[in-house]
Every structure is written in structure tokens, then in C-alpha cells.
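Below: input27.cif (mmCIF, C-alpha atoms)
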```cif
data_start
loop_
_atom_site.label_atom_id
_atom_site.label_comp_id
_atom_site.auth_asym_id
_atom_site.auth_seq_id
_atom_site.Cartn_x
_atom_site.Cartn_y
_atom_site.Cartn_z
CA MET A 1 0.00 0.00 0.00
CA THR A 2 1.45 3.36 -1.06
CA LEU A 3 0.47 6.90 -0.13
CA THR A 4 1.10 9.70 -2.63
CA VAL A 5 1.03 13.28 -1.33
CA ALA A 6 1.35 16.61 -3.13
CA ILE A 7 0.08 19.61 -1.17
CA ARG A 8 0.57 23.36 -1.03
CA HIS A 9 -0.83 25.63 1.63
CA ASP A 10 -0.26 29.27 2.46
CA PHE A 11 -0.26 30.18 6.14
CA PRO A 12 0.01 33.85 7.17
CA ASP A 13 3.76 33.58 7.78
CA PHE A 14 4.64 30.19 6.32
CA LYS A 15 4.30 28.33 3.03
CA LEU A 16 4.00 24.54 2.88
CA ASP A 17 4.90 22.92 -0.46
CA VAL A 18 5.64 19.16 -0.40
CA ASP A 19 5.48 16.26 -2.84
CA PHE A 20 6.37 12.74 -1.65
CA GLN A 21 5.38 9.09 -1.42
CA VAL A 22 5.06 6.95 1.69
CA PRO A 23 6.06 3.31 1.02
CA PRO A 24 5.04 0.33 3.18
CA GLY A 25 6.70 0.24 6.60
CA LEU A 26 7.26 3.03 9.10
CA THR A 27 8.15 6.35 7.50
CA VAL A 28 9.36 9.14 9.76
CA LEU A 29 8.60 12.76 8.93
CA PHE A 30 11.72 14.27 10.47
CA GLY A 31 12.58 17.89 11.04
CA PRO A 32 12.76 20.73 13.56
CA SER A 33 9.72 22.19 15.29
CA GLY A 34 7.84 24.55 12.99
CA SER A 35 8.98 22.88 9.78
CA GLY A 36 5.46 21.83 8.75
CA LYS A 37 5.34 18.19 9.86
CA THR A 38 2.09 18.41 11.84
CA SER A 39 0.44 20.45 9.08
CA ILE A 40 1.24 17.64 6.62
CA VAL A 41 -0.26 15.02 8.92
CA ASN A 42 -3.36 17.14 9.56
CA ALA A 43 -3.86 17.54 5.81
CA LEU A 44 -3.68 13.75 5.44
CA ALA A 45 -6.13 13.23 8.28
CA GLY A 46 -8.65 15.70 6.85
CA LEU A 47 -8.15 18.20 9.69
CA LEU A 48 -6.62 20.78 7.33
CA ARG A 49 -7.78 21.49 3.78
CA PRO A 50 -4.74 22.70 1.82
CA THR A 51 -4.93 25.49 -0.73
CA GLN A 52 -3.93 23.04 -3.46
CA GLY A 53 -3.26 19.34 -3.33
CA ARG A 54 -3.84 15.72 -4.18
CA ILE A 55 -3.62 12.81 -1.73
CA VAL A 56 -4.08 9.24 -2.94
CA LEU A 57 -3.91 6.09 -0.81
CA ASP A 58 -3.45 3.25 -3.29
CA ASP A 59 -6.39 3.88 -5.64
CA ARG A 60 -8.48 5.91 -3.16
CA VAL A 61 -8.46 9.66 -3.73
CA LEU A 62 -8.66 11.37 -0.32
CA LEU A 63 -8.07 14.87 -1.65
CA ASP A 64 -8.00 16.47 -5.08
CA THR A 65 -8.56 20.20 -4.94
CA ALA A 66 -8.63 20.44 -8.76
CA GLN A 67 -11.61 18.03 -8.80
CA ASN A 68 -13.13 19.53 -5.63
CA ILE A 69 -12.71 16.21 -3.80
CA CYS A 70 -12.06 16.34 -0.07
CA LEU A 71 -13.18 13.35 1.96
CA PRO A 72 -14.11 14.25 5.55
CA ALA A 73 -11.87 12.85 8.27
CA HIS A 74 -14.27 10.07 9.30
CA GLN A 75 -14.40 8.69 5.74
CA ARG A 76 -10.66 8.49 5.14
CA GLY A 77 -10.08 5.28 7.07
CA LEU A 78 -6.98 6.53 8.87
CA GLY A 79 -5.88 5.98 12.47
CA TYR A 80 -4.43 9.00 14.30
CA VAL A 81 -2.27 8.83 17.44
CA PHE A 82 -1.76 12.29 18.93
CA GLN A 83 0.92 13.61 21.29
CA GLU A 84 -1.51 13.08 24.14
CA GLY A 85 -3.70 9.99 24.29
CA ARG A 86 -6.95 12.01 23.96
CA LEU A 87 -8.89 9.20 25.56
CA PHE A 88 -12.47 9.67 26.75
CA PRO A 89 -12.11 10.22 30.51
CA HIS A 90 -15.61 8.92 31.35
CA MET A 91 -15.00 5.58 29.61
CA SER A 92 -12.99 2.58 30.75
CA VAL A 93 -9.98 1.44 28.72
CA ARG A 94 -12.12 -1.33 27.23
CA GLN A 95 -14.81 1.16 26.21
CA ASN A 96 -12.20 3.47 24.67
CA LEU A 97 -10.86 0.57 22.63
CA LEU A 98 -14.31 -0.51 21.49
CA TYR A 99 -15.05 3.07 20.45
CA GLY A 100 -12.36 2.63 17.79
CA GLN A 101 -14.33 -0.28 16.35
CA ARG A 102 -17.37 1.93 15.77
CA ALA A 103 -15.63 3.42 12.72
CA ARG A 104 -15.14 0.00 11.13
CA PRO A 105 -17.24 -0.87 8.07
CA ALA A 106 -18.40 -4.09 9.80
CA PRO A 107 -19.04 -4.82 13.48
CA GLY A 108 -15.88 -5.58 15.47
CA ASP A 109 -15.02 -9.05 16.66
CA GLN A 110 -13.69 -10.17 20.00
CA ASP A 111 -10.69 -11.86 18.39
CA GLY A 112 -9.54 -8.53 16.95
CA LEU A 113 -9.81 -6.84 20.33
CA GLU A 114 -7.95 -9.64 22.08
CA ALA A 115 -5.15 -9.58 19.49
CA VAL A 116 -4.61 -5.82 19.91
CA VAL A 117 -4.78 -6.08 23.71
CA ALA A 118 -2.17 -8.85 23.66
CA MET A 119 0.14 -7.02 21.25
CA LEU A 120 0.09 -3.86 23.39
CA GLY A 121 0.16 -5.62 26.77
CA ILE A 122 -2.88 -3.77 28.15
CA GLY A 123 -5.00 -6.69 29.35
CA ASP A 124 -4.72 -5.66 33.00
CA LEU A 125 -5.83 -2.09 32.20
CA LEU A 126 -9.21 -2.84 30.61
CA LYS A 127 -11.34 -1.92 33.64
CA ARG A 128 -9.43 1.26 34.49
CA ARG A 129 -10.28 4.78 33.41
CA PRO A 130 -7.72 7.08 31.75
CA GLY A 131 -7.24 9.11 34.92
CA ALA A 132 -5.70 6.07 36.59
CA LEU A 133 -3.18 5.41 33.80
CA SER A 134 0.41 6.54 33.35
CA GLY A 135 1.38 8.53 30.27
CA GLY A 136 2.88 5.44 28.64
CA GLU A 137 -0.23 3.37 29.36
CA LYS A 138 -2.46 6.05 27.86
CA GLN A 139 -0.42 6.04 24.66
CA ARG A 140 -0.64 2.26 24.39
CA VAL A 141 -4.42 2.48 24.69
CA ALA A 142 -4.50 5.27 22.09
CA ILE A 143 -2.51 3.07 19.70
CA GLY A 144 -4.95 0.22 20.32
CA ARG A 145 -7.97 2.43 19.66
CA ALA A 146 -6.43 3.57 16.37
CA LEU A 147 -5.69 -0.02 15.33
CA LEU A 148 -9.19 -1.26 16.13
CA SER A 149 -10.67 1.20 13.64
CA GLN A 150 -9.07 -1.02 10.95
CA PRO A 151 -7.23 1.89 9.32
CA SER A 152 -5.50 1.80 5.95
CA LEU A 153 -2.76 4.03 7.37
CA ILE A 154 -1.58 5.01 10.86
CA LEU A 155 -0.62 8.64 11.55
CA ALA A 156 1.41 9.30 14.71
CA ASP A 157 2.18 12.94 15.50
CA GLU A 158 5.15 12.98 17.92
CA PRO A 159 3.42 10.39 20.12
CA LEU A 160 6.29 10.33 22.63
CA ALA A 161 6.87 14.09 22.92
CA ALA A 162 4.86 14.48 26.12
CA LEU A 163 6.54 11.54 27.89
CA ASP A 164 9.66 11.38 30.04
CA GLN A 165 12.52 9.13 28.96
CA ALA A 166 11.38 6.17 31.04
CA ARG A 167 7.93 6.24 29.44
CA LYS A 168 9.47 6.68 25.97
CA ASP A 169 11.57 3.57 26.56
CA GLU A 170 8.37 1.77 27.56
CA ILE A 171 6.48 2.73 24.40
CA LEU A 172 9.17 2.32 21.73
CA PRO A 173 9.03 -1.51 21.68
CA TYR A 174 5.28 -1.33 20.99
CA PHE A 175 5.83 0.90 17.96
CA GLU A 176 8.43 -1.62 16.79
CA ARG A 177 5.81 -4.34 17.18
CA LEU A 178 3.26 -2.20 15.34
CA ARG A 179 5.74 -1.69 12.50
CA ASP A 180 6.57 -5.39 12.26
CA GLN A 181 3.23 -7.06 13.00
CA ALA A 182 0.40 -4.77 11.93
CA ARG A 183 1.54 -4.66 8.28
CA LEU A 184 0.17 -1.15 7.89
CA PRO A 185 1.98 1.85 6.47
CA ILE A 186 2.80 4.22 9.34
CA LEU A 187 3.66 7.92 9.04
CA TYR A 188 5.42 8.92 12.25
CA VAL A 189 6.31 12.54 13.06
CA SER A 190 9.47 13.10 15.12
CA HIS A 191 12.43 15.39 15.65
CA SER A 192 14.31 12.78 17.75
CA LEU A 193 17.18 11.01 15.99
CA ASN A 194 17.02 8.18 18.54
CA GLU A 195 13.41 7.48 17.57
CA VAL A 196 14.26 7.75 13.88
CA ALA A 197 17.17 5.32 14.17
CA ARG A 198 15.17 2.81 16.16
CA LEU A 199 11.90 2.85 14.21
CA ALA A 200 12.24 4.18 10.67
CA THR A 201 12.29 2.06 7.55
CA SER A 202 12.26 5.26 5.49
CA ILE A 203 12.72 8.95 6.27
CA ILE A 204 11.34 12.18 4.82
CA CYS A 205 13.25 15.26 6.03
CA VAL A 206 11.22 18.47 6.21
CA GLU A 207 12.62 21.95 6.65
CA GLN A 208 10.75 25.25 6.34
CA GLY A 209 7.84 23.59 4.57
CA ARG A 210 9.96 21.78 1.97
CA ILE A 211 11.24 18.21 1.55
CA THR A 212 15.05 18.25 1.72
CA HIS A 213 15.83 14.52 1.69
CA ALA A 214 13.83 11.30 1.37
CA GLY A 215 14.60 7.61 1.07
CA PRO A 216 15.37 4.43 3.02
CA ALA A 217 16.49 5.19 6.58
CA ALA A 218 20.00 3.80 6.24
CA GLU A 219 20.63 5.81 3.06
CA VAL A 220 19.31 9.11 4.42
CA LEU A 221 21.19 8.85 7.72
CA ALA A 222 24.41 7.85 5.94
CA ASP A 223 24.25 10.83 3.55
CA PRO A 224 27.05 13.23 4.60
CA GLN A 225 25.16 16.26 3.30
CA THR A 226 22.15 15.33 5.42
CA ALA A 227 24.31 14.54 8.44
CA LEU A 228 25.96 17.95 8.41
CA THR A 229 22.57 19.55 9.17
CA MET A 230 21.63 17.08 11.93
CA PRO A 231 22.98 17.55 15.45
CA GLY A 232 23.97 14.11 16.74
CA ALA A 233 23.90 12.62 13.23
CA GLY A 234 25.04 9.08 12.73
CA ALA A 235 24.70 6.19 10.34
CA LEU A 236 22.70 2.99 10.89
CA LEU A 237 24.50 -0.33 10.82
CA GLN A 238 22.61 -3.56 10.30
CA ALA A 239 23.93 -6.35 12.51
CA ARG A 240 23.09 -9.72 13.99
CA VAL A 241 23.50 -10.82 17.60
CA THR A 242 26.07 -13.61 17.80
CA ALA A 243 26.64 -14.02 21.56
CA HIS A 244 26.07 -12.66 25.06
CA HIS A 245 29.29 -12.80 27.09
CA GLU A 246 29.76 -13.30 30.82
CA ASP A 247 31.35 -9.84 31.22
CA GLY A 248 27.99 -8.22 30.38
CA LEU A 249 28.67 -7.42 26.72
CA SER A 250 26.64 -8.52 23.69
CA GLU A 251 28.53 -9.29 20.49
CA LEU A 252 27.13 -8.22 17.12
CA GLU A 253 28.37 -9.14 13.66
CA THR A 254 28.18 -6.37 11.05
CA GLY A 255 29.73 -8.07 8.03
CA ALA A 256 32.82 -5.87 8.49
CA GLY A 257 33.75 -7.07 11.96
CA ALA A 258 32.34 -7.46 15.45
CA LEU A 259 30.85 -4.78 17.70
CA PHE A 260 30.45 -5.16 21.47
CA LEU A 261 27.59 -3.43 23.32
CA PRO A 262 26.33 -3.45 26.88
CA ARG A 263 24.00 -6.46 27.01
CA ILE A 264 20.86 -6.06 24.91
CA GLN A 265 17.58 -7.96 25.19
CA ALA A 266 17.78 -9.88 21.94
CA ALA A 267 18.41 -13.57 21.39
CA PRO A 268 21.46 -14.77 19.42
CA GLY A 269 20.58 -14.74 15.74
CA SER A 270 18.32 -11.68 16.08
CA ALA A 271 18.69 -8.89 13.53
CA VAL A 272 19.36 -5.49 15.09
CA ARG A 273 20.48 -2.08 13.91
CA VAL A 274 22.72 0.34 15.71
CA ARG A 275 23.15 4.08 15.23
CA ILE A 276 26.69 5.26 15.76
CA GLN A 277 27.03 9.03 16.06
CA ALA A 278 29.56 10.54 13.67
CA GLN A 279 31.15 12.54 16.48
CA ASP A 280 31.89 9.31 18.37
CA VAL A 281 34.02 7.80 15.60
CA MET A 282 37.81 8.24 15.51
CA LEU A 283 39.90 7.30 12.48
CA SER A 284 43.30 5.68 12.18
CA LYS A 285 45.25 4.84 9.02
CA GLY A 286 46.74 1.72 10.63
CA ARG A 287 45.15 -0.75 13.00
CA PRO A 288 45.31 0.91 16.43
CA GLU A 289 47.11 -0.75 19.35
CA GLY A 290 47.18 -0.03 23.06
CA LEU A 291 43.68 1.51 23.20
CA SER A 292 40.86 0.74 25.62
CA ALA A 293 38.34 0.95 22.76
CA ILE A 294 37.36 -2.54 21.59
CA ASN A 295 35.12 -1.60 18.65
CA VAL A 296 37.24 -1.22 15.51
CA LEU A 297 35.98 -1.70 11.95
CA HIS A 298 38.21 -1.67 8.87
CA GLY A 299 37.08 0.17 5.76
CA HIS A 300 37.95 2.88 3.27
CA ILE A 301 36.97 6.49 2.67
CA ARG A 302 34.05 6.68 0.26
CA ASP A 303 33.35 10.39 0.36
CA ILE A 304 34.47 13.59 2.12
CA THR A 305 32.16 16.55 2.71
CA LEU A 306 33.43 19.81 4.20
CA ASP A 307 31.17 22.02 6.32
CA GLN A 308 31.33 25.80 6.61
CA GLY A 309 33.50 25.54 9.72
CA PRO A 310 36.56 23.54 10.77
CA HIS A 311 35.00 20.07 10.36
CA ALA A 312 34.62 17.42 7.69
CA MET A 313 32.07 14.59 7.43
CA LEU A 314 33.60 11.39 6.11
CA SER A 315 31.60 8.51 4.67
CA ILE A 316 33.37 5.22 5.47
CA GLN A 317 32.62 2.02 3.56
CA VAL A 318 32.73 -0.87 6.07
CA GLY A 319 31.88 -4.11 4.32
CA GLU A 320 28.58 -3.50 2.53
CA GLN A 321 27.56 -0.68 4.89
CA ILE A 322 28.30 3.00 5.46
CA LEU A 323 29.61 4.60 8.65
CA LEU A 324 29.99 8.35 9.23
CA ALA A 325 32.88 10.08 11.00
CA ARG A 326 32.99 13.77 11.89
CA ILE A 327 36.58 14.97 12.28
CA THR A 328 38.41 18.29 11.98
CA ARG A 329 39.93 19.41 8.71
CA ARG A 330 43.24 19.53 10.55
CA SER A 331 43.00 15.81 11.34
CA LEU A 332 41.93 15.11 7.76
CA ASN A 333 45.04 16.84 6.45
CA ALA A 334 47.37 15.39 9.08
CA LEU A 335 46.28 11.84 8.23
CA GLN A 336 46.36 12.65 4.51
CA LEU A 337 42.98 11.02 4.05
CA GLU A 338 41.29 11.14 0.66
CA ARG A 339 38.66 9.20 -1.25
CA GLY A 340 39.71 5.55 -1.40
CA SER A 341 42.11 5.75 1.55
CA PRO A 342 42.02 2.65 3.80
CA CYS A 343 41.30 3.39 7.45
CA HIS A 344 40.12 1.97 10.75
CA ALA A 345 37.03 3.38 12.47
CA ILE A 346 37.34 3.30 16.27
CA MET A 347 34.32 3.54 18.56
CA LYS A 348 34.00 3.41 22.33
CA SER A 349 31.54 0.74 23.45
CA VAL A 350 29.81 3.25 25.76
CA THR A 351 28.52 5.12 22.69
CA LEU A 352 26.81 1.97 21.47
CA ASP A 353 24.19 1.58 24.18
CA PRO A 354 20.87 -0.30 23.99
CA GLY A 355 18.99 2.99 23.63
CA THR A 356 20.33 3.34 20.09
CA THR A 357 19.62 -0.23 19.12
CA GLY A 358 16.48 -1.13 17.19
CA ILE A 359 15.22 -4.65 16.53
#
```
As C-alpha cells, how would this structure be written, given the file I've shared?
Amino acid sequence: MTLTVAIRHDFPDFKLDVDFQVPPGLTVLFGPSGSGKTSIVNALAGLLRPTQGRIVLDDRVLLDTAQNICLPAHQRGLGYVFQEGRLFPHMSVRQNLLYGQRARPAPGDQDGLEAVVAMLGIGDLLKRRPGALSGGEKQRVAIGRALLSQPSLILADEPLAALDQARKDEILPYFERLRDQARLPILYVSHSLNEVARLATSIICVEQGRITHAGPAAEVLADPQTALTMPGAGALLQARVTAHHEDGLSELETGAGALFLPRIQAAPGSAVRVRIQAQDVMLSKGRPEGLSAINVLHGHIRDITLDQGPHAMLSIQVGEQILLARITRRSLNALQLERGSPCHAIMKSVTLDPGTTGI
């Protein structure tokens, strides 16, 4: 299922003009606050009618201003998860969930409810009211309500923004499950690189109402030009868990060598991905010796991009994957690095923590 979006809208002090496609999987709309992400999602949901536009979900036209077509929100068949749960306070969790089924074209079935409850781990909450739930529990119920409406697409507008880090860590695995099990396209708004790295299968970067970059997550995050504009930028490495060691480290195989992380909750053989921040990568022309760092991958320089200041962003080919390293121009010149130069990328294991690992 593919979503095609082309919209223009003039706000009093801002112009939105975007044209993109959302493929299957979880696509993150990424960008700073005020860049137009929520306006895009609201236009998709039918909460904002753009000045000009066309929105098509597979063969269903949701909006075509040229043909004067604009389906109301309740006819679009989309599920929306807001920053706050927006649950009905006078209803129990069970009643809130069942309310989502009212929008379905056919009456809901108990099996569907039980499957969603099991996936989100909210069976013990069914008799409670929203006032007795934590922020993370409310968001899980909100996700369940959206799912039970049998949507063709899930919209999630910064669903973790109102939560503290502990609650974010609680919710992220459920979005991973939603991505992997629900088999629905998901458009997820965020300005958190940690969320992007953990969840995204594709990324659409938005800045000042325009699309600046779009594509598969690994490609976008490994693009040096993109990385230069992202504080805390880093590439995604695909890996597989090979062992959990007695000293508390988990060993991952990347295809270019092993990485060691503080123990992660994934069985040997599991596929994982790790974001390694460019600023946490050091480079050496020869294999380093006498260092405490145990994560070293061999590769070669694929590309060099200079910023407007004293730094350079280097794209490192490690096996079949790309790693980014942000170093000073002085170091670049001192090491005499250029495209094609062999090198070793050195990373401290403390920068590769479970919070940046997505399964």
C-alpha cells in the first residue's frame, strides 16, 4: 500500500509545499519544530484542507482540490495517534478501545480486540479509566484504539513528545511491534534522531515547509550532506546478535567485523540495527594498538564533505555498509585522508548503548 502526497498551503507567515510518497513500513517525517510536519499530517487526516493538493492512498483519492474532492476525516479510514492519548475520561480502557471499532465498516469481533490487547500488553488495564493510567499506558491504549478502527494508514504525530525518557523507553518496543506485526503503512512525526534510528524504515526530512531529503532510513542517515545539518547525526549499521558474554557485553556481527555493546535484550541470531554518532568515531590509518576501545571496523573512505566551519564529514565504507565520522579538517590533512584511503574506524563501546539499538 502506497500513499502519494502533493500539497501546497499558504499560512500567514509560512508556506507549505511538499510532494512525496510513503512506502510500506514506518516512514518518519523528520525535522525541527515549525517545519510543517504536523500540518502535513493534519492535511492527510482531513483536519486541514490545503490550498492546493492531491492525496491518494493506493487507488483511493482522499483529496483532489482540482476536482473539488475532499473526503471528511471520518471517511478516510486513517488511524491518528496524537501527542496526548486524547482518551475519553468517562470511559474505561475497554470502552475506549471498542469506540475505535465503531468506525469499522463491519461490526468488530472479540478476536480482533484480544489480538490488539495482547500485542500492546494492556489486558490488565481494561477496567481502568484514563485518569488512573500513566502517560505510557495512555499512549498504548491510544494506539490500540487507532488499530481497532481497521485503518488503511496510521498517523502518529510525535506520540512520545509528552513523555519522560522512562515512558518513551516503555512505548518504543510497541511501535516496533506495530511496524513489524500490523503490516500497515505508518507515518510517524518526530524530531528525535534516537526514535528515527530505532523505528524508521524510510525517512522524509522536512525543513521550512519543503522536503530536503527522502529515502530508506540507512541511506538518508548515511548521507554526509544530510548529516551535516543534523545535530547528533550518525549512520545505521545492520547487525546480527552472535553471543552474550559473561562480562555483560553482547557481540554483534556487522559483516565488516564485530561490535560489542552493553547487554541487549535480543536472542542470538536476532537482527538489530545500531546508530553510531559521527562525532563518536575516531579514524586511524593503521590498526590501532594499546587503546581501551574494543570496537574497531576496517574500511575505506568513500566520500568527504566539508562544512562551513573547521570540520569534515567522512563517509566510510565498512563491508557493505556505510559509517559516518565527523573529524576536523586539521586531522583530515594530518592523516592525509582522501577518497579511497584505507582506514580503521574506532568507537567506544559506551557510545553503542541499547537505547540506540532497534530490533
- Message: Please compute the atom CA of Val56 of chain A-atom CA of Gly77 of chain A distance, one decimal, in Å.
- Response: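 We find that atom CA of Val56 of chain A and atom CA of Gly77 of chain A lie 12.3 Å from each other.
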Taking the file as I've supplied it (selection: the PyMOL selection byres ((chain A and resi 173) around 12)), which residues are included? Please answer as a list in words.
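When the PyMOL selection byres ((chain A and resi 173) around 12) is applied, the selected residues are Met119, Leu120, Gly121, Gly136, Arg140, Arg167, Lys168, Asp169, Glu170, Ile171, Leu172, Tyr174, Phe175, Glu176, Arg177, Leu178, Arg179, Asp180, Gln181, Glu195, Arg198, Leu199, Gln265, Gly355, Thr357, Gly358 and Ile359 of chain A.
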Of the residues A:Leu153, A:Leu71, A:Ala227, A:Val41, which is the one nearest to Asp307 of chain A, using all atoms listed in the file?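 Using all atoms listed in the file, Asp307 of chain A sits closest to A:Ala227.
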* Counting only C-alpha atoms, which residues come within 8 Å of (-9.8, 16.1, -1.6), with the point read in the file's coordinates, and could you list them as a ChimeraX atom specification? -> /A:49,53-55,61-65,67-71
Running the PyMOL selection byres ((chain A and resi 13) around 12) on this model by hand, what would come out? Give it as a list in words.
His9, Asp10, Phe11, Pro12, Phe14, Lys15, Leu16, Gly34, Gly36, Gln208 and Gly209 of chain A
May I have the residues from that selection written out with C-alpha atoms, as a PDB file, in the frame of the given file?
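part31.pdb written:
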```pdb
ATOM      1  CA  HIS A   9      -0.830  25.630   1.630  1.00  0.00           C
ATOM      2  CA  ASP A  10      -0.260  29.270   2.460  1.00  0.00           C
ATOM      3  CA  PHE A  11      -0.260  30.180   6.140  1.00  0.00           C
ATOM      4  CA  PRO A  12       0.010  33.850   7.170  1.00  0.00           C
ATOM      5  CA  PHE A  14       4.640  30.190   6.320  1.00  0.00           C
ATOM      6  CA  LYS A  15       4.300  28.330   3.030  1.00  0.00           C
ATOM      7  CA  LEU A  16       4.000  24.540   2.880  1.00  0.00           C
ATOM      8  CA  GLY A  34       7.840  24.550  12.990  1.00  0.00           C
ATOM      9  CA  GLY A  36       5.460  21.830   8.750  1.00  0.00           C
ATOM     10  CA  GLN A 208      10.750  25.250   6.340  1.00  0.00           C
ATOM     11  CA  GLY A 209       7.840  23.590   4.570  1.00  0.00           C
TER      12      GLY A 209
END
```
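Closest approach to Ala345 of chain A from the set A:Leu306, A:Val296, A:Leu148, A:Ile211 is made by A:Val296, with distances taken over only C-alpha atoms.
Distance check against Ser33 of chain A using only C-alpha atoms: of A:Ser331, A:Ser190, A:Gln139, A:Ser270, the minimum falls on A:Ser190.
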Taken to one decimal, the atom CA of Leu48 of chain A-atom CA of Arg8 of chain A distance is 11.3 Å
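Reported to one decimal place, the separation of atom CA of Leu147 of chain A from atom CA of Leu87 of chain A is 14.1 Å.
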For the file shown, what are the residues hit by the PyMOL selection byres ((chain A and resi 232) around 8), laid out as a PyMOL selection string?
chain A and resi 193+230-231+233-234+277-279
- Item | Distance query Glu338 of chain A at most 12 Å, only C-alpha atoms, self and fewer than 5 positions along chain excluded, as a PyMOL selection string | chain A and resi 285+300-305+312-316+329+331-333+343
Taking all atoms of segment 260-277 of chain A that the file lists, what box with edges along x, y and z, padded by 8 Å per side, do you get, with centre and edge lengths in Å to one decimal, as AutoDock Vina command-line options?
```
--center_x 24.0 --center_y -2.9 --center_z 20.3 --size_x 28.9 --size_y 39.8 --size_z 29.5
```
Since fewer atoms than expected are present, regenerate all heavy atoms for segment 256-264 of chain A and write them as a compact mmCIF listing (two decimals), in the coordinates of the input.
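Written file, rebuild.txt:
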```
# COMPACT_ATOMS: atom_id res chain seq x y z
N ALA A 256 31.50 -6.50 8.62
CA ALA A 256 32.82 -5.87 8.49
C ALA A 256 33.62 -6.06 9.77
O ALA A 256 34.67 -5.45 9.94
CB ALA A 256 32.65 -4.39 8.19
N GLY A 257 33.09 -6.87 10.68
CA GLY A 257 33.75 -7.07 11.96
C GLY A 257 32.73 -7.09 13.09
O GLY A 257 31.53 -6.86 12.87
N ALA A 258 33.22 -7.35 14.28
CA ALA A 258 32.34 -7.46 15.45
C ALA A 258 32.24 -6.14 16.19
O ALA A 258 33.18 -5.34 16.21
CB ALA A 258 32.86 -8.54 16.40
N LEU A 259 31.07 -5.90 16.78
CA LEU A 259 30.85 -4.78 17.70
C LEU A 259 30.42 -5.37 19.03
O LEU A 259 29.71 -6.38 19.08
CB LEU A 259 29.77 -3.83 17.18
CG LEU A 259 30.07 -3.03 15.92
CD1 LEU A 259 28.86 -2.19 15.54
CD2 LEU A 259 31.29 -2.14 16.12
N PHE A 260 30.82 -4.71 20.12
CA PHE A 260 30.45 -5.16 21.47
C PHE A 260 29.68 -4.05 22.15
O PHE A 260 30.13 -2.91 22.23
CB PHE A 260 31.71 -5.51 22.27
CG PHE A 260 32.46 -6.68 21.70
CD1 PHE A 260 33.44 -6.49 20.72
CD2 PHE A 260 32.18 -7.97 22.12
CE1 PHE A 260 34.13 -7.57 20.20
CE2 PHE A 260 32.87 -9.06 21.59
CZ PHE A 260 33.83 -8.85 20.63
N LEU A 261 28.48 -4.38 22.65
CA LEU A 261 27.59 -3.43 23.32
C LEU A 261 27.29 -3.93 24.72
O LEU A 261 27.34 -5.14 24.98
CB LEU A 261 26.26 -3.29 22.58
CG LEU A 261 26.19 -2.48 21.29
CD1 LEU A 261 26.94 -3.15 20.17
CD2 LEU A 261 24.74 -2.24 20.91
N PRO A 262 26.92 -2.99 25.63
CA PRO A 262 26.33 -3.45 26.88
C PRO A 262 25.14 -4.36 26.55
O PRO A 262 24.43 -4.12 25.57
CB PRO A 262 25.87 -2.15 27.54
CG PRO A 262 26.79 -1.11 26.98
CD PRO A 262 27.04 -1.52 25.57
N ARG A 263 24.95 -5.39 27.34
CA ARG A 263 24.00 -6.46 27.01
C ARG A 263 22.64 -5.92 26.56
O ARG A 263 22.07 -5.03 27.19
CB ARG A 263 23.79 -7.39 28.22
CG ARG A 263 22.94 -8.62 27.89
CD ARG A 263 22.78 -9.51 29.11
NE ARG A 263 24.06 -10.04 29.54
CZ ARG A 263 24.60 -11.16 29.07
NH1 ARG A 263 23.97 -11.87 28.16
NH2 ARG A 263 25.76 -11.58 29.53
N ILE A 264 22.16 -6.45 25.45
CA ILE A 264 20.86 -6.06 24.91
C ILE A 264 19.90 -7.24 25.03
O ILE A 264 20.32 -8.40 25.09
CB ILE A 264 20.96 -5.59 23.45
CG1 ILE A 264 21.47 -6.72 22.54
CG2 ILE A 264 21.85 -4.36 23.34
CD1 ILE A 264 21.47 -6.36 21.08
```
